[in-house]
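As stored in final.cif (mmCIF, N, CA and C atoms):
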```cif
data_input
#
loop_
_atom_site.label_atom_id
_atom_site.label_comp_id
_atom_site.auth_asym_id
_atom_site.auth_seq_id
_atom_site.Cartn_x
_atom_site.Cartn_y
_atom_site.Cartn_z
N MET R 1 -25.52 -0.31 -8.85
CA MET R 1 -25.45 -0.37 -10.29
C MET R 1 -24.87 0.95 -10.77
N LEU R 2 -23.78 0.85 -11.48
CA LEU R 2 -23.09 2.04 -11.97
C LEU R 2 -22.93 1.94 -13.48
N ASP R 3 -22.96 3.08 -14.15
CA ASP R 3 -22.80 3.13 -15.60
C ASP R 3 -21.80 4.24 -15.94
N SER R 4 -20.74 3.87 -16.62
CA SER R 4 -19.71 4.85 -16.97
C SER R 4 -20.06 5.65 -18.23
N ASN R 5 -21.17 5.27 -18.88
CA ASN R 5 -21.60 5.93 -20.11
C ASN R 5 -20.50 5.86 -21.18
N ASN R 6 -19.85 4.70 -21.26
CA ASN R 6 -18.78 4.45 -22.23
C ASN R 6 -17.65 5.46 -22.15
N ASP R 7 -17.34 5.91 -20.95
CA ASP R 7 -16.26 6.87 -20.74
C ASP R 7 -15.23 6.25 -19.80
N LEU R 8 -14.02 6.03 -20.29
CA LEU R 8 -12.99 5.37 -19.50
C LEU R 8 -12.67 6.14 -18.23
N LYS R 9 -12.60 7.45 -18.30
CA LYS R 9 -12.31 8.26 -17.11
C LYS R 9 -13.40 8.05 -16.05
N ASN R 10 -14.67 8.05 -16.47
CA ASN R 10 -15.77 7.80 -15.53
C ASN R 10 -15.65 6.42 -14.91
N GLU R 11 -15.30 5.42 -15.74
CA GLU R 11 -15.18 4.06 -15.24
C GLU R 11 -14.11 3.98 -14.15
N LEU R 12 -12.95 4.56 -14.41
CA LEU R 12 -11.87 4.51 -13.43
C LEU R 12 -12.22 5.26 -12.15
N GLU R 13 -12.92 6.38 -12.27
CA GLU R 13 -13.36 7.12 -11.09
C GLU R 13 -14.36 6.31 -10.27
N MET R 14 -15.25 5.59 -10.93
CA MET R 14 -16.22 4.75 -10.22
C MET R 14 -15.53 3.60 -9.51
N LEU R 15 -14.55 2.97 -10.17
CA LEU R 15 -13.83 1.87 -9.53
C LEU R 15 -13.09 2.37 -8.30
N LEU R 16 -12.48 3.52 -8.39
CA LEU R 16 -11.79 4.09 -7.23
C LEU R 16 -12.78 4.39 -6.11
N SER R 17 -13.94 4.91 -6.47
CA SER R 17 -14.99 5.21 -5.49
C SER R 17 -15.45 3.94 -4.78
N ILE R 18 -15.64 2.87 -5.53
CA ILE R 18 -16.06 1.59 -4.96
C ILE R 18 -15.02 1.11 -3.96
N SER R 19 -13.76 1.22 -4.31
CA SER R 19 -12.70 0.69 -3.45
C SER R 19 -12.56 1.49 -2.16
N THR R 20 -12.90 2.76 -2.17
CA THR R 20 -12.73 3.57 -0.97
C THR R 20 -13.95 3.56 -0.07
N GLN R 21 -15.12 3.19 -0.59
CA GLN R 21 -16.34 3.20 0.21
C GLN R 21 -16.48 1.98 1.10
N HIS R 22 -15.88 0.86 0.71
CA HIS R 22 -15.92 -0.39 1.48
C HIS R 22 -17.34 -0.84 1.81
N ILE R 23 -18.28 -0.62 0.90
CA ILE R 23 -19.66 -1.07 1.13
C ILE R 23 -20.08 -2.16 0.15
N PHE R 24 -19.22 -2.48 -0.81
CA PHE R 24 -19.56 -3.48 -1.81
C PHE R 24 -18.93 -4.81 -1.44
N GLY R 25 -19.75 -5.87 -1.48
CA GLY R 25 -19.24 -7.20 -1.21
C GLY R 25 -18.61 -7.83 -2.43
N GLY R 26 -18.93 -7.31 -3.59
CA GLY R 26 -18.40 -7.84 -4.84
C GLY R 26 -18.76 -6.95 -6.01
N ILE R 27 -18.10 -7.19 -7.13
CA ILE R 27 -18.33 -6.40 -8.34
C ILE R 27 -18.53 -7.37 -9.51
N ILE R 28 -19.54 -7.10 -10.31
CA ILE R 28 -19.69 -7.74 -11.61
C ILE R 28 -19.37 -6.63 -12.60
N LEU R 29 -18.29 -6.80 -13.35
CA LEU R 29 -17.73 -5.72 -14.14
C LEU R 29 -17.64 -6.07 -15.62
N GLN R 30 -18.13 -5.20 -16.45
CA GLN R 30 -17.91 -5.29 -17.89
C GLN R 30 -17.09 -4.07 -18.26
N PRO R 31 -15.76 -4.19 -18.16
CA PRO R 31 -14.91 -3.02 -18.31
C PRO R 31 -14.80 -2.54 -19.75
N LEU R 32 -14.65 -1.23 -19.90
CA LEU R 32 -14.37 -0.67 -21.22
C LEU R 32 -12.94 -1.01 -21.63
N ASN R 33 -12.07 -1.00 -20.65
CA ASN R 33 -10.65 -1.19 -20.89
C ASN R 33 -10.25 -2.59 -20.46
N THR R 34 -9.49 -3.28 -21.27
CA THR R 34 -9.00 -4.61 -20.88
C THR R 34 -7.50 -4.57 -20.58
N ASN R 35 -6.96 -3.39 -20.35
CA ASN R 35 -5.56 -3.24 -19.98
C ASN R 35 -5.38 -3.74 -18.55
N LEU R 36 -4.68 -4.83 -18.40
CA LEU R 36 -4.53 -5.48 -17.09
C LEU R 36 -3.92 -4.54 -16.05
N ASN R 37 -2.87 -3.82 -16.41
CA ASN R 37 -2.21 -2.93 -15.44
C ASN R 37 -3.14 -1.85 -14.95
N LEU R 38 -3.91 -1.26 -15.87
CA LEU R 38 -4.84 -0.20 -15.48
C LEU R 38 -5.94 -0.73 -14.57
N LEU R 39 -6.45 -1.92 -14.87
CA LEU R 39 -7.49 -2.51 -14.04
C LEU R 39 -6.94 -2.92 -12.67
N GLU R 40 -5.74 -3.48 -12.64
CA GLU R 40 -5.18 -3.90 -11.36
C GLU R 40 -4.94 -2.72 -10.44
N GLU R 41 -4.64 -1.55 -11.00
CA GLU R 41 -4.43 -0.36 -10.18
C GLU R 41 -5.73 0.10 -9.53
N ASN R 42 -6.88 -0.23 -10.15
CA ASN R 42 -8.16 0.29 -9.69
C ASN R 42 -9.08 -0.77 -9.08
N LEU R 43 -8.74 -2.04 -9.20
CA LEU R 43 -9.50 -3.11 -8.56
C LEU R 43 -8.63 -3.68 -7.45
N PHE R 44 -9.25 -3.95 -6.34
CA PHE R 44 -8.48 -4.35 -5.18
C PHE R 44 -8.82 -5.77 -4.76
N ASN R 45 -7.86 -6.48 -4.23
CA ASN R 45 -8.01 -7.88 -3.88
C ASN R 45 -9.07 -8.13 -2.82
N ASN R 46 -9.45 -7.13 -2.04
CA ASN R 46 -10.42 -7.35 -0.97
C ASN R 46 -11.86 -7.30 -1.47
N ILE R 47 -12.07 -7.04 -2.76
CA ILE R 47 -13.42 -7.03 -3.33
C ILE R 47 -13.49 -8.13 -4.38
N SER R 48 -14.38 -9.11 -4.17
CA SER R 48 -14.55 -10.17 -5.15
C SER R 48 -15.05 -9.58 -6.45
N THR R 49 -14.43 -9.99 -7.57
CA THR R 49 -14.76 -9.41 -8.87
C THR R 49 -14.93 -10.50 -9.90
N VAL R 50 -15.96 -10.37 -10.72
CA VAL R 50 -16.18 -11.23 -11.88
C VAL R 50 -16.26 -10.30 -13.09
N VAL R 51 -15.46 -10.59 -14.10
CA VAL R 51 -15.45 -9.80 -15.33
C VAL R 51 -16.39 -10.48 -16.32
N VAL R 52 -17.28 -9.69 -16.93
CA VAL R 52 -18.28 -10.21 -17.85
C VAL R 52 -18.01 -9.72 -19.26
N ASP R 53 -18.03 -10.64 -20.20
CA ASP R 53 -17.96 -10.37 -21.64
C ASP R 53 -16.67 -9.68 -22.09
N ARG R 54 -15.62 -9.84 -21.33
CA ARG R 54 -14.30 -9.33 -21.72
C ARG R 54 -13.28 -10.38 -21.30
N GLU R 55 -12.32 -10.63 -22.14
CA GLU R 55 -11.23 -11.52 -21.78
C GLU R 55 -10.02 -10.69 -21.44
N ILE R 56 -9.50 -10.88 -20.25
CA ILE R 56 -8.33 -10.13 -19.80
C ILE R 56 -7.21 -11.14 -19.57
N GLU R 57 -6.22 -11.10 -20.46
CA GLU R 57 -5.09 -12.03 -20.38
C GLU R 57 -4.38 -11.87 -19.04
N ASN R 58 -4.14 -12.98 -18.37
CA ASN R 58 -3.41 -13.03 -17.10
C ASN R 58 -4.09 -12.27 -15.96
N GLY R 59 -5.38 -12.02 -16.09
CA GLY R 59 -6.11 -11.32 -15.03
C GLY R 59 -6.29 -12.21 -13.81
N LEU R 60 -6.51 -11.58 -12.69
CA LEU R 60 -6.67 -12.30 -11.43
C LEU R 60 -8.11 -12.66 -11.14
N TRP R 61 -9.03 -12.26 -12.00
CA TRP R 61 -10.45 -12.37 -11.71
C TRP R 61 -11.10 -13.44 -12.57
N SER R 62 -12.16 -14.03 -12.03
CA SER R 62 -12.97 -14.97 -12.82
C SER R 62 -13.67 -14.18 -13.91
N SER R 63 -13.99 -14.86 -15.02
CA SER R 63 -14.68 -14.16 -16.09
C SER R 63 -15.72 -15.06 -16.74
N VAL R 64 -16.74 -14.43 -17.28
CA VAL R 64 -17.77 -15.11 -18.05
C VAL R 64 -17.76 -14.44 -19.42
N VAL R 65 -17.44 -15.22 -20.45
CA VAL R 65 -17.28 -14.66 -21.79
C VAL R 65 -18.15 -15.43 -22.77
N THR R 66 -18.78 -14.72 -23.68
CA THR R 66 -19.59 -15.37 -24.70
C THR R 66 -18.87 -15.27 -26.05
N ASP R 67 -19.20 -16.20 -26.93
CA ASP R 67 -18.65 -16.18 -28.29
C ASP R 67 -19.76 -15.66 -29.20
N ASN R 68 -19.64 -14.45 -29.63
CA ASN R 68 -20.66 -13.83 -30.48
C ASN R 68 -20.55 -14.22 -31.94
N PHE R 69 -19.57 -15.06 -32.29
CA PHE R 69 -19.35 -15.38 -33.68
C PHE R 69 -19.63 -16.85 -34.02
N TYR R 70 -19.53 -17.75 -33.03
CA TYR R 70 -19.72 -19.17 -33.28
C TYR R 70 -21.21 -19.49 -33.35
N CYS R 71 -21.62 -20.16 -34.42
CA CYS R 71 -23.01 -20.59 -34.57
C CYS R 71 -23.04 -22.10 -34.76
N LEU R 72 -24.04 -22.75 -34.19
CA LEU R 72 -24.18 -24.20 -34.35
C LEU R 72 -24.75 -24.54 -35.69
#
```
Translate this file's structure into structure tokens.
Amino acid sequence: MLDSNNDLKNELEMLLSISTQHIFGGIILQPLNTNLNLLEENLFNNISTVVVDREIENGLWSSVVTDNFYCL
């Protein structure tokens, strides 16, 4: 469990750390940044990733997104 403390630099450093340690079987990620190019540079195909509560256009990863505005 990692927390970037809402700091993009911390988030990118943690993602790089995860990719180099090779001890994680998967990542559940709620990224601060939804920039596809920046995320693709720091997330690697050999780690299964699910993005939570963010929509990333044309992303390669599965995502779970909620609608905070729609009410029944």
Checklist entry - If you measure from CA of Leu32 (chain R) to CA of Arg54 (chain R), what distance in Å do you get, rounded to one decimal? => result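 We find that CA of Leu32 (chain R) and CA of Arg54 (chain R) lie 8.7 Å from each other.
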Checklist entry - Nearest to Asp53 (chain R) among R:Val65, R:Leu2, R:Leu15, R:Leu39, with distances taken over only N, CA and C atoms: which residue is it? => result R:Val65
Checklist entry - Of the candidates R:Lys9, R:Glu40, R:Met14, R:Ile47, which one gets nearest to Ile27 (chain R) if we count only N, CA and C atoms? => result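 Of R:Lys9, R:Glu40, R:Met14, R:Ile47, the one nearest Ile27 (chain R) is R:Ile47, counting only N, CA and C atoms.
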Next on the checklist: I need the residue nearest Glu11 (chain R) from this list: R:Pro31, R:Asp67, R:Ser62, R:Glu57. Use all atoms listed in the file for the distance.
Outcome noted: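 Closest to Glu11 (chain R), using all atoms listed in the file: R:Pro31.
Among R:Leu60, R:His22, R:Leu29, R:Leu16, the residue with the shortest atom-to-atom distance to Asp3 (chain R), counting only C-alpha atoms, is R:Leu29.
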Your completed region 15-40 of chain R with N, CA, C and O atoms, as a short mmCIF file (atom, residue, chain, number, x, y, z; two decimals), in the frame of the given file:
```cif
data_model
loop_
_atom_site.label_atom_id
_atom_site.label_comp_id
_atom_site.auth_asym_id
_atom_site.auth_seq_id
_atom_site.Cartn_x
_atom_site.Cartn_y
_atom_site.Cartn_z
N LEU R 15 -14.55 2.97 -10.17
CA LEU R 15 -13.83 1.87 -9.53
C LEU R 15 -13.09 2.37 -8.30
O LEU R 15 -13.09 1.70 -7.25
N LEU R 16 -12.48 3.52 -8.39
CA LEU R 16 -11.79 4.09 -7.23
C LEU R 16 -12.78 4.39 -6.11
O LEU R 16 -12.52 4.13 -4.94
N SER R 17 -13.94 4.91 -6.47
CA SER R 17 -14.99 5.21 -5.49
C SER R 17 -15.45 3.94 -4.78
O SER R 17 -15.61 3.92 -3.56
N ILE R 18 -15.64 2.87 -5.53
CA ILE R 18 -16.06 1.59 -4.96
C ILE R 18 -15.02 1.11 -3.96
O ILE R 18 -15.35 0.65 -2.86
N SER R 19 -13.76 1.22 -4.31
CA SER R 19 -12.70 0.69 -3.45
C SER R 19 -12.56 1.49 -2.16
O SER R 19 -12.14 0.96 -1.15
N THR R 20 -12.90 2.76 -2.17
CA THR R 20 -12.73 3.57 -0.97
C THR R 20 -13.95 3.56 -0.07
O THR R 20 -13.85 3.87 1.11
N GLN R 21 -15.12 3.19 -0.59
CA GLN R 21 -16.34 3.20 0.21
C GLN R 21 -16.48 1.98 1.10
O GLN R 21 -17.15 2.02 2.12
N HIS R 22 -15.88 0.86 0.71
CA HIS R 22 -15.92 -0.39 1.48
C HIS R 22 -17.34 -0.84 1.81
O HIS R 22 -17.60 -1.37 2.88
N ILE R 23 -18.28 -0.62 0.90
CA ILE R 23 -19.66 -1.07 1.13
C ILE R 23 -20.08 -2.16 0.15
O ILE R 23 -21.16 -2.70 0.27
N PHE R 24 -19.22 -2.48 -0.81
CA PHE R 24 -19.56 -3.48 -1.81
C PHE R 24 -18.93 -4.81 -1.44
O PHE R 24 -17.75 -4.88 -1.14
N GLY R 25 -19.75 -5.87 -1.48
CA GLY R 25 -19.24 -7.20 -1.21
C GLY R 25 -18.61 -7.83 -2.43
O GLY R 25 -17.83 -8.77 -2.33
N GLY R 26 -18.93 -7.31 -3.59
CA GLY R 26 -18.40 -7.84 -4.84
C GLY R 26 -18.76 -6.95 -6.01
O GLY R 26 -19.62 -6.08 -5.89
N ILE R 27 -18.10 -7.19 -7.13
CA ILE R 27 -18.33 -6.40 -8.34
C ILE R 27 -18.53 -7.37 -9.51
O ILE R 27 -17.78 -8.32 -9.67
N ILE R 28 -19.54 -7.10 -10.31
CA ILE R 28 -19.69 -7.74 -11.61
C ILE R 28 -19.37 -6.63 -12.60
O ILE R 28 -20.06 -5.62 -12.66
N LEU R 29 -18.29 -6.80 -13.35
CA LEU R 29 -17.73 -5.72 -14.14
C LEU R 29 -17.64 -6.07 -15.62
O LEU R 29 -17.12 -7.13 -15.97
N GLN R 30 -18.13 -5.20 -16.45
CA GLN R 30 -17.91 -5.29 -17.89
C GLN R 30 -17.09 -4.07 -18.26
O GLN R 30 -17.62 -3.01 -18.61
N PRO R 31 -15.76 -4.19 -18.16
CA PRO R 31 -14.91 -3.02 -18.31
C PRO R 31 -14.80 -2.54 -19.75
O PRO R 31 -14.85 -3.33 -20.69
N LEU R 32 -14.65 -1.23 -19.90
CA LEU R 32 -14.37 -0.67 -21.22
C LEU R 32 -12.94 -1.01 -21.63
O LEU R 32 -12.65 -1.27 -22.78
N ASN R 33 -12.07 -1.00 -20.65
CA ASN R 33 -10.65 -1.19 -20.89
C ASN R 33 -10.25 -2.59 -20.46
O ASN R 33 -10.63 -3.04 -19.39
N THR R 34 -9.49 -3.28 -21.27
CA THR R 34 -9.00 -4.61 -20.88
C THR R 34 -7.50 -4.57 -20.58
O THR R 34 -6.86 -5.60 -20.56
N ASN R 35 -6.96 -3.39 -20.35
CA ASN R 35 -5.56 -3.24 -19.98
C ASN R 35 -5.38 -3.74 -18.55
O ASN R 35 -5.87 -3.13 -17.60
N LEU R 36 -4.68 -4.83 -18.40
CA LEU R 36 -4.53 -5.48 -17.09
C LEU R 36 -3.92 -4.54 -16.05
O LEU R 36 -4.40 -4.45 -14.93
N ASN R 37 -2.87 -3.82 -16.41
CA ASN R 37 -2.21 -2.93 -15.44
C ASN R 37 -3.14 -1.85 -14.95
O ASN R 37 -3.19 -1.54 -13.77
N LEU R 38 -3.91 -1.26 -15.87
CA LEU R 38 -4.84 -0.20 -15.48
C LEU R 38 -5.94 -0.73 -14.57
O LEU R 38 -6.30 -0.11 -13.58
N LEU R 39 -6.45 -1.92 -14.87
CA LEU R 39 -7.49 -2.51 -14.04
C LEU R 39 -6.94 -2.92 -12.67
O LEU R 39 -7.60 -2.71 -11.65
N GLU R 40 -5.74 -3.48 -12.64
CA GLU R 40 -5.18 -3.90 -11.36
C GLU R 40 -4.94 -2.72 -10.44
O GLU R 40 -5.05 -2.84 -9.22
#
```
